[in-house]
Amino acid sequence: MGRLDSGDGIVVAVWTWIGFREKFHYATAAILIITFVKIRFVFLDFMELRTAPWPLRMAFEVWAIAACVTLLGLYSLGV
Amino acid sequence: MSSTYEVTDSAKPHLPGESGVWMFIIGDVLIFSLLFSVFVYDRSQEVALFIEQQQLLNQTFGLVNTLLLLTSSWLVALAVHGARTGHLSQARGCFVLAILGGIGFVVIKYFEWSEKLTADLTIETNNFFMYYYLMTGIHLMHMFIGIGVLVFLWQCVRDAEFNTQGMGVLESGACFWPLVDIVWIALFALLYLMR
């Protein structure tokens with residue numbers, strides 16, 4: 001649960017940073033965040049990473065956050 | 001019913017499948033991440049064009065395909081659970097339905113591409129459609145491989161002698177299908193929904 005909380009913290013921080021930018025399309029940001037939350041549940045439950053050794057699970061958790069933040073950052077270049 | 005394969009201690013970590021398969025999956029995920037990043041960066045350079053061209057995509061096709069793949073992934077997870085607990089008939093049924101879901105996706109993709117090609121929207125039309133065909137094409141190749149793997153897994157659980165040794169192979173193959181699902185979930189958001 002602690003990992004989830006830290007992930008949420010990062011998402012909130014990114015969201016806040018995004019909030020300072022003008023004309024940002026909140027709907028797209030929400031879609032990207034929801035997409036990666038959905039992806040997280042697919043790899044945790046359908047790929048059984050919830051019960052996998054922690055380094056593998058952690059690698060995918062970190063990837064999901066990093067990919068989401070990267071795509072949000074790149075998206076913000078065009079708004 | 002043949003012998004069962006239980007993960008008896010749920011608190012004990014269990015690597016589903018072979019480690020080599022996971023190396024492949026991680027590599028694939030990283031390559032797709034790079035492709036997604038390049039797409040979003042290029043989109044940021046031509047936002048108006050990408051938004052205008054995106055209107056030509058059929059979101060209903062994309063949404064139906066997303067639901068098909070999500071359901072199919074869930075069915076594969078149920079099939080693995082069924083095989084692990086010795087319910088081979090459940091595993092067989094779930095694999096068949098998952099394969100049908102995959103075939104349904106390919107059929108819808110055929111209609112979608114046909115619609116675009118008929119409208120003279122090809123890979124050379126512009127950057128948006130270049131990425132559209134490139135990314136959905138690579139994903140489609142994964143779909144064909146994934147359906148082949150599912151057929152193989154279905155054959156495995158049809159074998160009355162299926163046992164613990166077969167579980168490693170089953171888990172390895174079954175891990176690939178949700179990867180195809182994950183890539184599509186991201187593609188749906190990037191190509192069809194992002195404004």
# chains A, B, ... in the order shown; residues from 1 in each chain; ligands from 1

call {"tool": "residues_around", "arguments": {"residues": "Ile147 in chain B", "least_positions_apart": "4", "cutoff": "8 Å", "atoms": "only C-alpha atoms", "output": "PyMOL selection string"}}
result
chain B and resi 99+102-103+143+151

call {"tool": "residues_around", "arguments": {"residues": "range 171-182 of chain B", "least_positions_apart": "3", "cutoff": "7 Å", "atoms": "only C-alpha atoms", "output": "PyMOL selection string"}}
result
(chain A and resi 39+42+46-47) or (chain B and resi 16-18+21+69-70+73+76+80+142-143+146+149+167-168+185-186)

call {"tool": "write_last_selection", "arguments": {"atoms": "N, CA and C atoms", "output": "tab-separated table (two decimals), in the first residue's frame"}}
result
chain	number	residue	atom	x	y	z
A	39	ILE	N	-3.23	-0.01	-16.99
A	39	ILE	CA	-2.11	-0.87	-17.37
A	39	ILE	C	-1.51	-1.52	-16.12
A	42	VAL	N	-3.53	-4.40	-15.11
A	42	VAL	CA	-3.37	-5.55	-16.02
A	42	VAL	C	-2.09	-6.31	-15.66
A	46	PHE	N	-3.40	-9.66	-14.27
A	46	PHE	CA	-3.44	-10.62	-15.38
A	46	PHE	C	-2.07	-11.22	-15.65
A	47	MET	N	-1.00	-10.45	-15.38
A	47	MET	CA	0.35	-11.02	-15.55
A	47	MET	C	0.88	-11.56	-14.22
B	16	PRO	N	5.83	-15.99	-12.35
B	16	PRO	CA	5.03	-16.74	-13.33
B	16	PRO	C	5.84	-16.95	-14.61
B	17	GLY	N	6.05	-18.20	-14.97
B	17	GLY	CA	6.78	-18.49	-16.21
B	17	GLY	C	8.29	-18.45	-16.04
B	18	GLU	N	8.97	-18.51	-17.18
B	18	GLU	CA	10.43	-18.55	-17.19
B	18	GLU	C	11.02	-17.14	-17.15
B	21	VAL	N	11.45	-15.38	-20.55
B	21	VAL	CA	10.24	-14.76	-21.12
B	21	VAL	C	10.09	-13.34	-20.58
B	69	LEU	N	-9.83	-7.05	-25.97
B	69	LEU	CA	-8.53	-7.48	-25.46
B	69	LEU	C	-8.50	-7.58	-23.94
B	70	LEU	N	-9.19	-6.63	-23.27
B	70	LEU	CA	-9.24	-6.69	-21.80
B	70	LEU	C	-9.93	-7.98	-21.35
B	73	SER	N	-7.69	-10.99	-22.03
B	73	SER	CA	-6.61	-11.11	-21.04
B	73	SER	C	-7.14	-11.72	-19.74
B	76	VAL	N	-7.57	-15.38	-20.12
B	76	VAL	CA	-6.30	-16.13	-20.05
B	76	VAL	C	-5.87	-16.29	-18.59
B	80	VAL	N	-5.30	-19.89	-16.73
B	80	VAL	CA	-4.10	-20.28	-15.97
B	80	VAL	C	-4.52	-20.74	-14.56
B	142	HIS	N	2.20	-8.63	-33.04
B	142	HIS	CA	2.16	-9.23	-31.70
B	142	HIS	C	0.86	-10.01	-31.51
B	143	MET	N	-0.22	-9.50	-32.08
B	143	MET	CA	-1.51	-10.19	-31.96
B	143	MET	C	-1.43	-11.58	-32.60
B	146	GLY	N	0.63	-13.78	-30.50
B	146	GLY	CA	-0.12	-14.07	-29.27
B	146	GLY	C	-1.21	-15.11	-29.50
B	149	VAL	N	0.37	-18.42	-29.79
B	149	VAL	CA	0.77	-18.91	-28.46
B	149	VAL	C	-0.46	-19.45	-27.72
B	167	MET	N	3.04	-26.56	-16.29
B	167	MET	CA	2.57	-25.27	-15.76
B	167	MET	C	3.54	-24.13	-16.08
B	168	GLY	N	4.85	-24.43	-16.04
B	168	GLY	CA	5.85	-23.41	-16.35
B	168	GLY	C	5.68	-22.89	-17.77
B	185	ILE	N	-3.88	-0.82	-24.89
B	185	ILE	CA	-4.49	0.18	-23.99
B	185	ILE	C	-3.78	1.52	-24.18
B	186	ALA	N	-2.45	1.47	-24.26
B	186	ALA	CA	-1.68	2.71	-24.46
B	186	ALA	C	-1.93	3.28	-25.86

call {"tool": "closest_residue", "arguments": {"among": "A:His25, A:Ala30, A:Arg50, A:Arg40", "to": "Val62 in chain A", "atoms": "only C-alpha atoms"}}
result
A:Arg40

call {"tool": "interface_residues", "arguments": {"of": "chain A", "to": "chain B", "cutoff": "9 Å", "atoms": "only C-alpha atoms", "output": "JSON, numbers by chain"}}
result
{"A": [25, 27, 28, 29, 31, 32, 35, 36, 38, 39, 40, 42, 43, 45, 46, 47, 48, 49, 50, 51, 52, 53, 54, 56, 60, 63, 67, 70, 71, 72, 74, 75, 76, 77, 78, 79]}

call {"tool": "write_last_selection", "arguments": {"atoms": "N, CA and C atoms", "output": "compact mmCIF listing (two decimals), in the first residue's frame"}}
result
# COMPACT_ATOMS: atom_id res chain seq x y z
N HIS A 25 -4.62 20.64 -21.56
CA HIS A 25 -5.86 19.88 -21.73
C HIS A 25 -5.96 18.85 -20.61
N ALA A 27 -8.34 16.95 -19.79
CA ALA A 27 -8.97 15.68 -20.16
C ALA A 27 -7.91 14.70 -20.67
N THR A 28 -6.99 15.20 -21.49
CA THR A 28 -5.94 14.31 -22.02
C THR A 28 -5.02 13.84 -20.91
N ALA A 29 -4.69 14.75 -19.99
CA ALA A 29 -3.84 14.36 -18.86
C ALA A 29 -4.54 13.27 -18.05
N ILE A 31 -6.80 11.19 -19.14
CA ILE A 31 -6.83 9.96 -19.95
C ILE A 31 -5.51 9.21 -19.81
N LEU A 32 -4.39 9.94 -19.89
CA LEU A 32 -3.08 9.29 -19.79
C LEU A 32 -2.88 8.64 -18.42
N THR A 35 -5.06 5.65 -18.13
CA THR A 35 -4.50 4.58 -18.98
C THR A 35 -3.42 3.80 -18.22
N PHE A 36 -2.53 4.53 -17.56
CA PHE A 36 -1.44 3.83 -16.86
C PHE A 36 -1.91 3.16 -15.57
N LYS A 38 -4.81 1.71 -15.44
CA LYS A 38 -5.40 0.49 -16.01
C LYS A 38 -4.30 -0.51 -16.37
N ILE A 39 -3.23 -0.01 -16.99
CA ILE A 39 -2.11 -0.87 -17.37
C ILE A 39 -1.51 -1.52 -16.12
N ARG A 40 -1.43 -0.73 -15.04
CA ARG A 40 -0.87 -1.25 -13.79
C ARG A 40 -1.69 -2.44 -13.29
N VAL A 42 -3.53 -4.40 -15.11
CA VAL A 42 -3.37 -5.55 -16.02
C VAL A 42 -2.09 -6.31 -15.66
N PHE A 43 -0.97 -5.58 -15.45
CA PHE A 43 0.24 -6.36 -15.15
C PHE A 43 0.24 -6.93 -13.74
N ASP A 45 -2.55 -8.02 -12.04
CA ASP A 45 -3.53 -9.10 -11.88
C ASP A 45 -3.55 -10.11 -13.02
N PHE A 46 -3.40 -9.66 -14.27
CA PHE A 46 -3.44 -10.62 -15.38
C PHE A 46 -2.07 -11.22 -15.65
N MET A 47 -1.00 -10.45 -15.38
CA MET A 47 0.35 -11.02 -15.55
C MET A 47 0.88 -11.56 -14.22
N GLU A 48 0.07 -11.50 -13.20
CA GLU A 48 0.38 -12.06 -11.88
C GLU A 48 1.61 -11.45 -11.23
N LEU A 49 1.84 -10.17 -11.47
CA LEU A 49 3.00 -9.53 -10.84
C LEU A 49 2.74 -9.17 -9.38
N ARG A 50 1.47 -9.22 -8.98
CA ARG A 50 1.13 -8.91 -7.59
C ARG A 50 1.82 -9.91 -6.64
N THR A 51 1.98 -11.16 -7.12
CA THR A 51 2.60 -12.18 -6.27
C THR A 51 4.00 -12.55 -6.76
N ALA A 52 4.56 -11.73 -7.69
CA ALA A 52 5.89 -12.01 -8.23
C ALA A 52 6.97 -11.49 -7.27
N PRO A 53 8.22 -11.94 -7.44
CA PRO A 53 9.31 -11.39 -6.61
C PRO A 53 9.35 -9.85 -6.73
N TRP A 54 9.63 -9.19 -5.62
CA TRP A 54 9.47 -7.72 -5.58
C TRP A 54 10.31 -6.97 -6.61
N LEU A 56 10.91 -7.62 -9.70
CA LEU A 56 10.19 -7.61 -10.97
C LEU A 56 8.96 -6.71 -10.88
N PHE A 60 8.20 -2.93 -12.90
CA PHE A 60 7.03 -2.54 -13.68
C PHE A 60 6.30 -1.34 -13.06
N TRP A 63 8.38 1.59 -14.04
CA TRP A 63 8.20 1.85 -15.47
C TRP A 63 6.87 2.58 -15.72
N ALA A 67 6.90 6.11 -17.43
CA ALA A 67 6.33 6.25 -18.77
C ALA A 67 5.21 7.28 -18.76
N THR A 70 6.74 10.77 -18.36
CA THR A 70 7.44 11.15 -19.61
C THR A 70 6.44 11.57 -20.68
N LEU A 71 5.38 10.78 -20.86
CA LEU A 71 4.40 11.10 -21.90
C LEU A 71 3.66 12.40 -21.56
N LEU A 72 3.37 12.62 -20.27
CA LEU A 72 2.72 13.88 -19.88
C LEU A 72 3.65 15.06 -20.18
N LEU A 74 6.12 15.19 -22.44
CA LEU A 74 6.23 15.38 -23.89
C LEU A 74 4.95 15.99 -24.45
N TYR A 75 3.82 15.56 -23.90
CA TYR A 75 2.53 16.11 -24.35
C TYR A 75 2.47 17.62 -24.07
N SER A 76 3.00 18.01 -22.90
CA SER A 76 2.92 19.42 -22.52
C SER A 76 3.73 20.32 -23.46
N LEU A 77 4.68 19.75 -24.20
CA LEU A 77 5.47 20.54 -25.15
C LEU A 77 4.59 21.11 -26.27
N GLY A 78 3.49 20.40 -26.54
CA GLY A 78 2.66 20.81 -27.68
C GLY A 78 1.44 21.62 -27.30
N VAL A 79 1.26 21.96 -26.00
CA VAL A 79 0.05 22.73 -25.64
C VAL A 79 0.37 24.18 -25.37
